[in-house]
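Here the structure is laid out as structure tokens; the discussion comes afterwards.
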Amino acid sequence: MEYKIHEDGSFDIIGRFVQLSNCYPAIEGHSLRPAALRLEADGILYCLARGSIRLRFHIDGERRLVIDCDAEGLSGVHDIAPVAQGQIINAERVFVQGFGMEGPSGDYMIGEQLPDSHGLTALHRKDGILLAYAEDHRRFGLGFSLSAEQRLSACFNLEGTGGDRLSLPALYLEDAKDLCDGLRRCAGRIAAAMHARHDKAPAFFWSSWYYAYETMDQQTLEETLDGLKASALPFQYVELDAGYTPSLGDWLTPNHRWPGGLRRAAQTILDAGFRPGIWVAPFIVGDRSALYREHPDWVLHDRDGKPVIQLRSYTEPKLWGNPDCDYFVLDTSHPEALAYISQVFKALRSWGFSFFKTDFMLWNMHDSSTVRRFDPSLTSVQILRNTLAAIRAAIGEESYLLGCIAPFMPFIGYADGMRLAGDCGARWAEPFGPVNMLRELPCDNYFNHVFWQNDPDAMLLRDFDTNLKPREARSLALLQALSGGVVSTSDPVHRLGDDRKRLLRLTQPGEKAVSPELPHLGRDRRELVLTHRLPQGNLLFVMNPTDAPLTVFYR
């Protein structure tokens, strides 16, 4: 990597394969036109009418271009882009990383209307790639945008909380010859900086959601556990999903389906030889909950002082079977609200739960400049990570934490597993079909067992109460298993036919983490291809996810 600074304050980023020319820093989307500038030995100082920005450039020991950005006198600025409107030279395609679950992630031809990429991006052509990313995602979100004029910008969202003196996380740019290898190498650098967790075997669990949904109760749990024991499958966890509370937010208060409470439910699972799991959505507060009734000041408010209503449930069916009409967001920048969440998870852990599915975590990610928080000095990223730190402290290092409907980069270091895609129901067609999973699974494969264990969603293998054809169910199950991450199901295992039971046994994960290679990532191919290089032999998996016949040839 090389760089070149010009007298007018612009600069070029020069990779072996792809370049960015005529770059400037930008504030709130506007390229700087400084009152004065000073070219320095290793950078540029931009003197503005109010404050200044300094860029420093160097090539590190890994031959990466590192761009450091310091700002002074710019308190209250919403966002700063160290690199803005860089003209893309020699690239044909761009890899886009979605913000979190459901993406949208993908690899696109440059020139299309594209979503922003979050945390990292890759510009590439047939013989090489330019990767851009940050390693530190503890405070600010990093977004990459590509304009219709084929110009790239890399912008840190300060959410108006930056302060008078600020050093942004370093921006890294490096070359690679192969897209998959380059993405995985960058993910490894991010994981190391964020202290990603890799201490657990791939999770194999049963969840109540995708068959019983919110109707799960104590009696059904006991029947299910009898069936799981009879199957002799080595499920590690049995997880109770949504539907156990009278109102969301009152996590420790069971509804009528659980007369013995969650403590009894956990003990029932333990007695059956499994580890108990529980679904919690820490940021959701229902308007009929005791939590909201007693602490209305704990929820997030808009700039006019009204509670932020994230979701409404005014008609049938009522969400999760709860009476709530408006759903608010718990503001865990409030120390008492954060203490409440810590208390909830401590109690659940003390009752025996050791698997925690934390859902709807994106609800926290309101830009702090657009809402009224108890502590307005914190970004949404900081608040999320403070909440995750409190949860991890409450549940202990030994417990398994699964993120769901969550932003990816801020979760690194706390999550053991992460859902990639939207819910898949017992049907191929949308809604609740596998379209989103089929897009996200290959694009997010590069960070499987690097950031955490990827969770593609539950397998639906049942041969009753389903709209999936046998070949559809089998194809999806094999894809999910061969993706090498979390494996789960919600089916009543004791009611499965023998062929479906054999398929479930085949798909259970091993002790060792393995991830596939995706030889066609970054190419415009309709089929999905996974390969594994294993001691006992190589494996090729080809799937046609389209509605049209395909003829393809492989050597």
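Naming works like this for the structure tokens: A, B, ... for the chains as they're shown, residue 1 at the start of each chain, ligands 1 onward in shown order.
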
So which bits of region 97-228 of chain A end up helix (DSSP H, G or I) when you DSSP the backbone, as an NGL selection string? :A and (179-194 or 209-215 or 218-228)

Residues near Leu384 (chain A), anyone? I mean within 10 Å using only C-alpha atoms, not counting same-chain ones fewer than 2 positions away, as a ChimeraX atom specification. /A:138-139,283,331-333,361-365,378-382,386-390,406-407,410-411

Mind checking DSSP for region 177-400 of chain A and telling me the strand (DSSP E) residues as a PyMOL selection string? chain A and resi 204-207+237-240+275-280+284-286+301-302+309-312+326-329+355-358+371-372+400

Please produce a file of the residues just selected, as a short mmCIF file (atom, residue, chain, number, x, y, z; two decimals), in the first residue's frame, where the atoms kept are N, CA and C atoms.
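What ended up in again_22.cif:
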data_model
loop_
_atom_site.label_atom_id
_atom_site.label_comp_id
_atom_site.auth_asym_id
_atom_site.auth_seq_id
_atom_site.Cartn_x
_atom_site.Cartn_y
_atom_site.Cartn_z
N PHE A 204 -25.39 -26.87 20.07
CA PHE A 204 -26.42 -27.75 19.53
C PHE A 204 -27.58 -27.68 20.51
N PHE A 205 -28.69 -27.00 20.11
CA PHE A 205 -29.74 -26.76 21.10
C PHE A 205 -31.13 -26.91 20.49
N TRP A 206 -32.07 -27.13 21.40
CA TRP A 206 -33.49 -27.20 21.05
C TRP A 206 -34.16 -25.93 21.55
N SER A 207 -34.98 -25.31 20.68
CA SER A 207 -35.68 -24.07 21.02
C SER A 207 -37.18 -24.28 20.93
N TYR A 237 -28.37 -27.70 25.09
CA TYR A 237 -29.27 -26.76 25.75
C TYR A 237 -30.70 -26.98 25.28
N VAL A 238 -31.65 -26.67 26.16
CA VAL A 238 -33.07 -26.57 25.81
C VAL A 238 -33.50 -25.16 26.18
N GLU A 239 -33.90 -24.40 25.16
CA GLU A 239 -34.15 -22.96 25.34
C GLU A 239 -35.64 -22.65 25.27
N LEU A 240 -36.13 -21.92 26.28
CA LEU A 240 -37.51 -21.43 26.30
C LEU A 240 -37.53 -20.05 25.66
N ARG A 275 -29.00 -28.43 29.68
CA ARG A 275 -28.75 -27.13 30.30
C ARG A 275 -29.88 -26.17 29.88
N PRO A 276 -30.47 -25.45 30.82
CA PRO A 276 -31.60 -24.58 30.49
C PRO A 276 -31.18 -23.30 29.77
N GLY A 277 -32.00 -22.92 28.80
CA GLY A 277 -31.80 -21.67 28.09
C GLY A 277 -33.06 -20.82 28.15
N ILE A 278 -32.89 -19.51 27.96
CA ILE A 278 -34.02 -18.59 28.09
C ILE A 278 -33.87 -17.45 27.09
N TRP A 279 -35.00 -16.98 26.57
CA TRP A 279 -35.06 -15.83 25.66
C TRP A 279 -35.35 -14.59 26.48
N VAL A 280 -34.56 -13.54 26.26
CA VAL A 280 -34.79 -12.24 26.91
C VAL A 280 -34.53 -11.14 25.88
N ILE A 284 -36.76 -4.23 25.35
CA ILE A 284 -38.20 -4.09 25.11
C ILE A 284 -38.93 -3.84 26.43
N VAL A 285 -39.81 -2.85 26.44
CA VAL A 285 -40.66 -2.55 27.59
C VAL A 285 -42.10 -2.39 27.09
N GLY A 286 -42.99 -3.29 27.49
CA GLY A 286 -44.39 -3.19 27.11
C GLY A 286 -45.11 -2.13 27.93
N HIS A 301 -36.74 8.52 25.30
CA HIS A 301 -37.69 9.57 24.89
C HIS A 301 -37.18 10.28 23.64
N ASP A 302 -38.13 10.83 22.88
CA ASP A 302 -37.72 11.59 21.70
C ASP A 302 -37.35 13.01 22.10
N ILE A 309 -41.87 5.07 20.73
CA ILE A 309 -42.65 3.84 20.50
C ILE A 309 -41.99 3.09 19.35
N GLN A 310 -41.33 2.00 19.69
CA GLN A 310 -40.59 1.24 18.69
C GLN A 310 -41.52 0.34 17.87
N LEU A 311 -42.60 -0.11 18.49
CA LEU A 311 -43.49 -1.08 17.84
C LEU A 311 -44.89 -0.91 18.42
N ARG A 312 -45.90 -1.08 17.57
CA ARG A 312 -47.29 -1.02 18.02
C ARG A 312 -47.98 -2.36 17.72
N ASP A 326 -48.31 -0.63 23.02
CA ASP A 326 -47.11 0.11 22.62
C ASP A 326 -45.90 -0.53 23.27
N TYR A 327 -44.82 -0.60 22.49
CA TYR A 327 -43.58 -1.17 23.00
C TYR A 327 -42.51 -0.09 22.99
N PHE A 328 -41.95 0.17 24.17
CA PHE A 328 -40.94 1.21 24.36
C PHE A 328 -39.54 0.60 24.42
N VAL A 329 -38.53 1.47 24.51
CA VAL A 329 -37.12 1.06 24.53
C VAL A 329 -36.52 1.40 25.88
N PHE A 355 -27.88 -20.62 29.14
CA PHE A 355 -27.91 -20.26 27.72
C PHE A 355 -28.88 -19.09 27.60
N PHE A 356 -28.41 -17.98 27.04
CA PHE A 356 -29.22 -16.75 27.01
C PHE A 356 -29.29 -16.23 25.57
N LYS A 357 -30.50 -16.25 25.02
CA LYS A 357 -30.74 -15.66 23.71
C LYS A 357 -31.23 -14.23 23.92
N THR A 358 -30.37 -13.28 23.63
CA THR A 358 -30.71 -11.86 23.81
C THR A 358 -31.21 -11.33 22.47
N VAL A 371 -32.44 11.45 19.90
CA VAL A 371 -33.33 11.10 21.00
C VAL A 371 -32.84 11.78 22.28
N ARG A 372 -33.63 11.63 23.34
CA ARG A 372 -33.27 12.19 24.64
C ARG A 372 -32.93 11.03 25.57
N TYR A 400 -23.53 -19.35 27.85
CA TYR A 400 -23.52 -19.11 26.40
C TYR A 400 -24.45 -17.93 26.11
#

Please provide the set of residues having any atom within 9 Å of Leu32 (chain A), restricted to only C-alpha atoms, with same-chain residues fewer than 6 positions apart removed, written as number ranges by chain. A: 24-26, 46, 48

With all heavy atoms retained, write the just-selected residues as an mmCIF file, in the first residue's frame.
data_model
loop_
_atom_site.group_PDB
_atom_site.id
_atom_site.type_symbol
_atom_site.label_atom_id
_atom_site.label_comp_id
_atom_site.auth_asym_id
_atom_site.auth_seq_id
_atom_site.Cartn_x
_atom_site.Cartn_y
_atom_site.Cartn_z
ATOM 1 N N TYR A 24 -10.684 13.540 0.322
ATOM 2 C CA TYR A 24 -10.652 14.577 1.352
ATOM 3 C C TYR A 24 -11.311 13.996 2.602
ATOM 4 O O TYR A 24 -12.134 13.088 2.500
ATOM 5 C CB TYR A 24 -11.466 15.804 0.934
ATOM 6 C CG TYR A 24 -10.743 16.850 0.144
ATOM 7 C CD1 TYR A 24 -10.803 16.854 -1.248
ATOM 8 C CD2 TYR A 24 -10.036 17.860 0.784
ATOM 9 C CE1 TYR A 24 -10.172 17.836 -1.985
ATOM 10 C CE2 TYR A 24 -9.391 18.850 0.052
ATOM 11 C CZ TYR A 24 -9.463 18.835 -1.332
ATOM 12 O OH TYR A 24 -8.828 19.813 -2.054
ATOM 13 N N PRO A 25 -11.012 14.534 3.767
ATOM 14 C CA PRO A 25 -11.904 14.254 4.902
ATOM 15 C C PRO A 25 -13.193 15.055 4.746
ATOM 16 O O PRO A 25 -13.248 16.013 3.960
ATOM 17 C CB PRO A 25 -11.094 14.716 6.113
ATOM 18 C CG PRO A 25 -10.119 15.704 5.584
ATOM 19 C CD PRO A 25 -9.841 15.334 4.162
ATOM 20 N N ALA A 26 -14.212 14.651 5.492
ATOM 21 C CA ALA A 26 -15.497 15.348 5.431
ATOM 22 C C ALA A 26 -16.104 15.425 6.823
ATOM 23 O O ALA A 26 -15.851 14.573 7.684
ATOM 24 C CB ALA A 26 -16.456 14.642 4.482
ATOM 25 N N TYR A 46 -5.856 20.347 8.671
ATOM 26 C CA TYR A 46 -6.885 21.186 8.062
ATOM 27 C C TYR A 46 -7.393 22.148 9.130
ATOM 28 O O TYR A 46 -8.001 21.721 10.124
ATOM 29 C CB TYR A 46 -8.044 20.336 7.557
ATOM 30 C CG TYR A 46 -7.663 19.289 6.540
ATOM 31 C CD1 TYR A 46 -7.246 18.025 6.956
ATOM 32 C CD2 TYR A 46 -7.736 19.548 5.172
ATOM 33 C CE1 TYR A 46 -6.902 17.050 6.032
ATOM 34 C CE2 TYR A 46 -7.404 18.578 4.244
ATOM 35 C CZ TYR A 46 -6.983 17.328 4.678
ATOM 36 O OH TYR A 46 -6.648 16.362 3.758
ATOM 37 N N LEU A 48 -9.970 24.877 10.193
ATOM 38 C CA LEU A 48 -11.316 25.260 9.793
ATOM 39 C C LEU A 48 -11.722 26.551 10.475
ATOM 40 O O LEU A 48 -11.032 27.049 11.368
ATOM 41 C CB LEU A 48 -12.284 24.129 10.150
ATOM 42 C CG LEU A 48 -11.852 22.725 9.711
ATOM 43 C CD1 LEU A 48 -12.826 21.682 10.245
ATOM 44 C CD2 LEU A 48 -11.735 22.643 8.201
#

Pick out the residues sitting within 9 Å of Ser153 (chain A), and hand them over as a PyMOL selection string; count only C-alpha atoms, and ignore anything fewer than 3 positions along from it in its own chain. chain A and resi 23+25-26+81-86+143-147

Using only C-alpha atoms, please write the residues we just selected to a file, as a short mmCIF file (atom, residue, chain, number, x, y, z; two decimals), in the first residue's frame.
data_model
loop_
_atom_site.label_atom_id
_atom_site.label_comp_id
_atom_site.auth_asym_id
_atom_site.auth_seq_id
_atom_site.Cartn_x
_atom_site.Cartn_y
_atom_site.Cartn_z
CA CYS A 23 -9.83 11.95 -1.28
CA PRO A 25 -11.90 14.25 4.90
CA ALA A 26 -15.50 15.35 5.43
CA ALA A 81 -15.19 10.86 7.46
CA PRO A 82 -11.38 10.59 7.37
CA VAL A 83 -11.77 9.46 3.76
CA ALA A 84 -14.55 11.02 1.69
CA GLN A 85 -15.49 10.98 -1.98
CA GLY A 86 -12.45 8.98 -3.06
CA GLY A 143 -20.06 3.11 7.63
CA PHE A 144 -18.80 2.94 4.05
CA SER A 145 -20.93 4.53 1.34
CA LEU A 146 -20.47 4.35 -2.42
CA SER A 147 -22.02 7.07 -4.54
#

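Put simply, CA of Ile129 (chain A) is 5.6 Å away from CA of Asp175 (chain A).
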
Quick check, in Å to one decimal: how far apart do CA of Ala477 (chain A) and CA of Leu550 (chain A) lie?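 CA of Leu550 (chain A) lies at a distance of 20.7 Å from CA of Ala477 (chain A).
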
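Atom pair CA of Ile53 (chain A) / CA of Phe11 (chain A): separated by 14.5 Å.
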
Counting only C-alpha atoms, the residue of A:Leu65, A:Gln19, A:Leu221, A:Arg526 that sits nearest Arg151 (chain A):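 That would be A:Gln19, the residue with the smallest distance to Arg151 (chain A).
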
Name the residues in contact with Asp491 (chain A) at a cut-off of 10 Å, using only C-alpha atoms, excluding same-chain residues fewer than 2 positions from it; report them as number ranges by chain. A: 206-212, 224, 458-464, 488-489, 493-496

With N, CA and C atoms retained, could you export that selection as a PDB file, in the first residue's frame?
ATOM      1  N   TRP A 206     -32.071 -27.133  21.398  1.00  0.00           N
ATOM      2  CA  TRP A 206     -33.486 -27.202  21.053  1.00  0.00           C
ATOM      3  C   TRP A 206     -34.158 -25.930  21.550  1.00  0.00           C
ATOM      4  N   SER A 207     -34.983 -25.312  20.684  1.00  0.00           N
ATOM      5  CA  SER A 207     -35.680 -24.071  21.020  1.00  0.00           C
ATOM      6  C   SER A 207     -37.180 -24.281  20.927  1.00  0.00           C
ATOM      7  N   SER A 208     -37.921 -23.631  21.787  1.00  0.00           N
ATOM      8  CA  SER A 208     -39.374 -23.791  21.795  1.00  0.00           C
ATOM      9  C   SER A 208     -40.077 -22.998  20.695  1.00  0.00           C
ATOM     10  N   TRP A 209     -39.378 -22.092  20.008  1.00  0.00           N
ATOM     11  CA  TRP A 209     -40.079 -21.094  19.221  1.00  0.00           C
ATOM     12  C   TRP A 209     -40.716 -21.641  17.947  1.00  0.00           C
ATOM     13  N   TYR A 210     -39.992 -22.376  17.121  1.00  0.00           N
ATOM     14  CA  TYR A 210     -40.433 -22.608  15.749  1.00  0.00           C
ATOM     15  C   TYR A 210     -41.453 -23.736  15.603  1.00  0.00           C
ATOM     16  N   TYR A 211     -42.009 -24.190  16.696  1.00  0.00           N
ATOM     17  CA  TYR A 211     -43.154 -25.104  16.625  1.00  0.00           C
ATOM     18  C   TYR A 211     -44.234 -24.664  17.612  1.00  0.00           C
ATOM     19  N   ALA A 212     -43.866 -24.515  18.874  1.00  0.00           N
ATOM     20  CA  ALA A 212     -44.850 -24.096  19.881  1.00  0.00           C
ATOM     21  C   ALA A 212     -45.071 -22.591  19.878  1.00  0.00           C
ATOM     22  N   THR A 224     -41.871 -32.667  25.811  1.00  0.00           N
ATOM     23  CA  THR A 224     -40.765 -32.469  24.871  1.00  0.00           C
ATOM     24  C   THR A 224     -39.480 -33.080  25.407  1.00  0.00           C
ATOM     25  N   ALA A 458     -33.000 -21.958  13.065  1.00  0.00           N
ATOM     26  CA  ALA A 458     -33.373 -23.334  13.400  1.00  0.00           C
ATOM     27  C   ALA A 458     -33.662 -24.168  12.149  1.00  0.00           C
ATOM     28  N   MET A 459     -33.281 -25.461  12.214  1.00  0.00           N
ATOM     29  CA  MET A 459     -33.666 -26.426  11.185  1.00  0.00           C
ATOM     30  C   MET A 459     -35.110 -26.858  11.425  1.00  0.00           C
ATOM     31  N   LEU A 460     -35.887 -26.920  10.368  1.00  0.00           N
ATOM     32  CA  LEU A 460     -37.260 -27.400  10.462  1.00  0.00           C
ATOM     33  C   LEU A 460     -37.348 -28.706   9.682  1.00  0.00           C
ATOM     34  N   LEU A 461     -37.145 -29.816  10.380  1.00  0.00           N
ATOM     35  CA  LEU A 461     -37.056 -31.130   9.758  1.00  0.00           C
ATOM     36  C   LEU A 461     -38.356 -31.911   9.826  1.00  0.00           C
ATOM     37  N   ARG A 462     -39.325 -31.420  10.551  1.00  0.00           N
ATOM     38  CA  ARG A 462     -40.527 -32.224  10.779  1.00  0.00           C
ATOM     39  C   ARG A 462     -41.235 -32.557   9.468  1.00  0.00           C
ATOM     40  N   ASP A 463     -41.815 -33.743   9.443  1.00  0.00           N
ATOM     41  CA  ASP A 463     -42.558 -34.200   8.282  1.00  0.00           C
ATOM     42  C   ASP A 463     -44.067 -34.127   8.536  1.00  0.00           C
ATOM     43  N   PHE A 464     -44.477 -33.241   9.410  1.00  0.00           N
ATOM     44  CA  PHE A 464     -45.885 -32.958   9.714  1.00  0.00           C
ATOM     45  C   PHE A 464     -45.979 -31.466  10.013  1.00  0.00           C
ATOM     46  N   SER A 488     -29.598 -25.928  15.516  1.00  0.00           N
ATOM     47  CA  SER A 488     -30.720 -25.982  16.444  1.00  0.00           C
ATOM     48  C   SER A 488     -31.968 -26.439  15.705  1.00  0.00           C
ATOM     49  N   THR A 489     -32.944 -26.878  16.468  1.00  0.00           N
ATOM     50  CA  THR A 489     -34.248 -27.224  15.924  1.00  0.00           C
ATOM     51  C   THR A 489     -35.309 -26.947  16.973  1.00  0.00           C
ATOM     52  N   VAL A 493     -38.974 -33.863  18.499  1.00  0.00           N
ATOM     53  CA  VAL A 493     -38.084 -34.862  17.933  1.00  0.00           C
ATOM     54  C   VAL A 493     -38.700 -36.256  17.982  1.00  0.00           C
ATOM     55  N   HIS A 494     -39.454 -36.553  19.055  1.00  0.00           N
ATOM     56  CA  HIS A 494     -40.023 -37.890  19.209  1.00  0.00           C
ATOM     57  C   HIS A 494     -41.091 -38.196  18.170  1.00  0.00           C
ATOM     58  N   ARG A 495     -41.583 -37.182  17.463  1.00  0.00           N
ATOM     59  CA  ARG A 495     -42.621 -37.388  16.451  1.00  0.00           C
ATOM     60  C   ARG A 495     -42.051 -37.434  15.034  1.00  0.00           C
ATOM     61  N   LEU A 496     -40.755 -37.236  14.877  1.00  0.00           N
ATOM     62  CA  LEU A 496     -40.160 -37.260  13.545  1.00  0.00           C
ATOM     63  C   LEU A 496     -40.126 -38.678  12.991  1.00  0.00           C
TER      64      LEU A 496
END

Within 8 Å of region 67-70 of chain A, counting only C-alpha atoms, which residues show up once you throw out same-chain ones fewer than 2 positions away? Write them as a short mmCIF file (atom, residue, chain, number, x, y, z; two decimals) with all heavy atoms, in the first residue's frame, please.
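Now in selection_27.cif:
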data_model
loop_
_atom_site.label_atom_id
_atom_site.label_comp_id
_atom_site.auth_asym_id
_atom_site.auth_seq_id
_atom_site.Cartn_x
_atom_site.Cartn_y
_atom_site.Cartn_z
N ILE A 53 -8.91 19.48 11.86
CA ILE A 53 -8.78 18.03 11.69
C ILE A 53 -7.36 17.74 11.21
O ILE A 53 -6.86 18.42 10.30
CB ILE A 53 -9.82 17.48 10.69
CG1 ILE A 53 -11.20 17.43 11.34
CG2 ILE A 53 -9.43 16.10 10.18
CD1 ILE A 53 -12.28 16.86 10.45
N ARG A 54 -6.74 16.74 11.81
CA ARG A 54 -5.40 16.32 11.39
C ARG A 54 -5.45 14.85 10.97
O ARG A 54 -5.95 14.00 11.70
CB ARG A 54 -4.39 16.51 12.51
CG ARG A 54 -3.03 15.91 12.20
CD ARG A 54 -2.01 16.15 13.32
NE ARG A 54 -1.30 17.41 13.13
CZ ARG A 54 -1.40 18.46 13.93
NH1 ARG A 54 -2.20 18.42 14.99
NH2 ARG A 54 -0.69 19.55 13.70
N LEU A 55 -4.97 14.57 9.78
CA LEU A 55 -4.80 13.19 9.31
C LEU A 55 -3.32 12.84 9.34
O LEU A 55 -2.47 13.64 8.95
CB LEU A 55 -5.32 13.03 7.88
CG LEU A 55 -6.81 13.27 7.60
CD1 LEU A 55 -7.12 12.92 6.15
CD2 LEU A 55 -7.69 12.45 8.54
N ARG A 56 -3.03 11.62 9.81
CA ARG A 56 -1.66 11.10 9.76
C ARG A 56 -1.68 9.76 9.03
O ARG A 56 -2.59 8.95 9.23
CB ARG A 56 -1.09 10.92 11.17
CG ARG A 56 -0.96 12.23 11.94
CD ARG A 56 -0.21 12.00 13.27
NE ARG A 56 -0.20 13.19 14.08
CZ ARG A 56 0.67 14.21 13.95
NH1 ARG A 56 1.59 14.14 12.98
NH2 ARG A 56 0.63 15.25 14.74
N PHE A 57 -0.68 9.54 8.20
CA PHE A 57 -0.59 8.33 7.39
C PHE A 57 0.69 7.58 7.74
O PHE A 57 1.74 8.19 7.94
CB PHE A 57 -0.54 8.69 5.90
CG PHE A 57 -1.70 9.52 5.40
CD1 PHE A 57 -1.70 10.90 5.57
CD2 PHE A 57 -2.77 8.94 4.75
CE1 PHE A 57 -2.75 11.68 5.11
CE2 PHE A 57 -3.82 9.70 4.28
CZ PHE A 57 -3.82 11.07 4.45
N HIS A 58 0.62 6.26 7.78
CA HIS A 58 1.84 5.45 7.85
C HIS A 58 1.56 4.04 7.37
O HIS A 58 0.40 3.59 7.35
CB HIS A 58 2.45 5.45 9.26
CG HIS A 58 1.72 4.62 10.25
ND1 HIS A 58 0.63 5.09 10.97
CD2 HIS A 58 1.92 3.34 10.67
CE1 HIS A 58 0.19 4.15 11.78
NE2 HIS A 58 0.95 3.07 11.62
N LEU A 65 -1.90 0.40 5.01
CA LEU A 65 -1.96 1.85 5.16
C LEU A 65 -2.85 2.15 6.35
O LEU A 65 -4.00 1.70 6.40
CB LEU A 65 -2.50 2.50 3.89
CG LEU A 65 -2.80 4.01 3.99
CD1 LEU A 65 -1.56 4.80 4.36
CD2 LEU A 65 -3.42 4.52 2.69
N GLU A 72 -10.13 18.67 16.81
CA GLU A 72 -10.17 19.61 17.93
C GLU A 72 -11.19 20.69 17.63
O GLU A 72 -11.34 21.13 16.49
CB GLU A 72 -8.80 20.24 18.17
CG GLU A 72 -7.77 19.29 18.76
CD GLU A 72 -6.55 20.03 19.28
OE1 GLU A 72 -6.65 21.26 19.52
OE2 GLU A 72 -5.50 19.39 19.43
N PRO A 82 -12.80 10.36 7.69
CA PRO A 82 -11.38 10.59 7.37
C PRO A 82 -11.11 10.49 5.87
O PRO A 82 -10.22 11.15 5.35
CB PRO A 82 -10.64 9.48 8.14
CG PRO A 82 -11.59 9.05 9.19
CD PRO A 82 -12.96 9.23 8.62
N ARG A 165 -11.95 17.44 22.03
CA ARG A 165 -10.75 16.79 21.48
C ARG A 165 -11.06 15.32 21.28
O ARG A 165 -11.57 14.67 22.18
CB ARG A 165 -9.55 16.96 22.41
CG ARG A 165 -9.06 18.38 22.50
CD ARG A 165 -7.72 18.44 23.19
NE ARG A 165 -7.15 19.77 23.17
CZ ARG A 165 -5.92 20.07 23.56
NH1 ARG A 165 -5.13 19.11 24.04
NH2 ARG A 165 -5.47 21.30 23.49
N LEU A 166 -10.71 14.82 20.11
CA LEU A 166 -11.16 13.48 19.77
C LEU A 166 -10.14 12.82 18.85
O LEU A 166 -9.64 13.43 17.91
CB LEU A 166 -12.51 13.57 19.03
CG LEU A 166 -13.08 12.28 18.48
CD1 LEU A 166 -13.49 11.36 19.62
CD2 LEU A 166 -14.28 12.58 17.59
N SER A 167 -9.84 11.55 19.15
CA SER A 167 -9.06 10.70 18.25
C SER A 167 -9.97 9.57 17.79
O SER A 167 -10.46 8.79 18.61
CB SER A 167 -7.83 10.12 18.97
OG SER A 167 -6.91 11.14 19.29
N LEU A 168 -10.18 9.50 16.51
CA LEU A 168 -11.02 8.44 15.95
C LEU A 168 -10.25 7.13 15.90
O LEU A 168 -9.02 7.12 15.88
CB LEU A 168 -11.48 8.82 14.54
CG LEU A 168 -12.43 10.01 14.41
CD1 LEU A 168 -12.73 10.28 12.95
CD2 LEU A 168 -13.72 9.75 15.17
N PRO A 169 -10.95 6.00 15.85
CA PRO A 169 -10.25 4.73 15.62
C PRO A 169 -9.48 4.78 14.31
O PRO A 169 -9.89 5.44 13.35
CB PRO A 169 -11.39 3.71 15.56
CG PRO A 169 -12.52 4.34 16.31
CD PRO A 169 -12.41 5.81 16.05
N ALA A 170 -8.37 4.08 14.27
CA ALA A 170 -7.57 4.04 13.05
C ALA A 170 -8.35 3.36 11.93
O ALA A 170 -9.08 2.39 12.15
CB ALA A 170 -6.26 3.30 13.31
N LEU A 171 -8.17 3.88 10.72
CA LEU A 171 -8.75 3.28 9.53
C LEU A 171 -7.63 2.53 8.81
O LEU A 171 -6.55 3.08 8.58
CB LEU A 171 -9.33 4.37 8.62
CG LEU A 171 -10.10 3.92 7.39
CD1 LEU A 171 -11.37 3.18 7.78
CD2 LEU A 171 -10.44 5.13 6.52
N TYR A 172 -7.87 1.25 8.46
CA TYR A 172 -6.87 0.41 7.83
C TYR A 172 -7.27 0.10 6.40
O TYR A 172 -8.44 -0.17 6.11
CB TYR A 172 -6.71 -0.91 8.60
CG TYR A 172 -6.17 -0.75 10.00
CD1 TYR A 172 -7.03 -0.58 11.07
CD2 TYR A 172 -4.80 -0.78 10.24
CE1 TYR A 172 -6.54 -0.42 12.36
CE2 TYR A 172 -4.29 -0.63 11.53
CZ TYR A 172 -5.18 -0.45 12.58
OH TYR A 172 -4.68 -0.30 13.86
#

Give me the residues within 12 Å of Lys4 (chain A) as a list in words, counting only C-alpha atoms and dropping any in the same chain fewer than 3 places off. Met1, Glu7, Asp8, Gly9, Ser10, Phe11, Asp12, Ile13, Ile14, Gly15, Gln19, Leu20, Ser21, Asn22, Cys23, Leu39, Ala41, Asp42, Gly43, Ile44, Arg56, Phe57, His58 and Leu65 of chain A

Let me make sure I understand: among A:Leu173, A:Ala187, A:Leu120, A:Leu270, which one has the smallest atom-to-atom distance to Arg63 (chain A) if we use only C-alpha atoms? A:Leu173
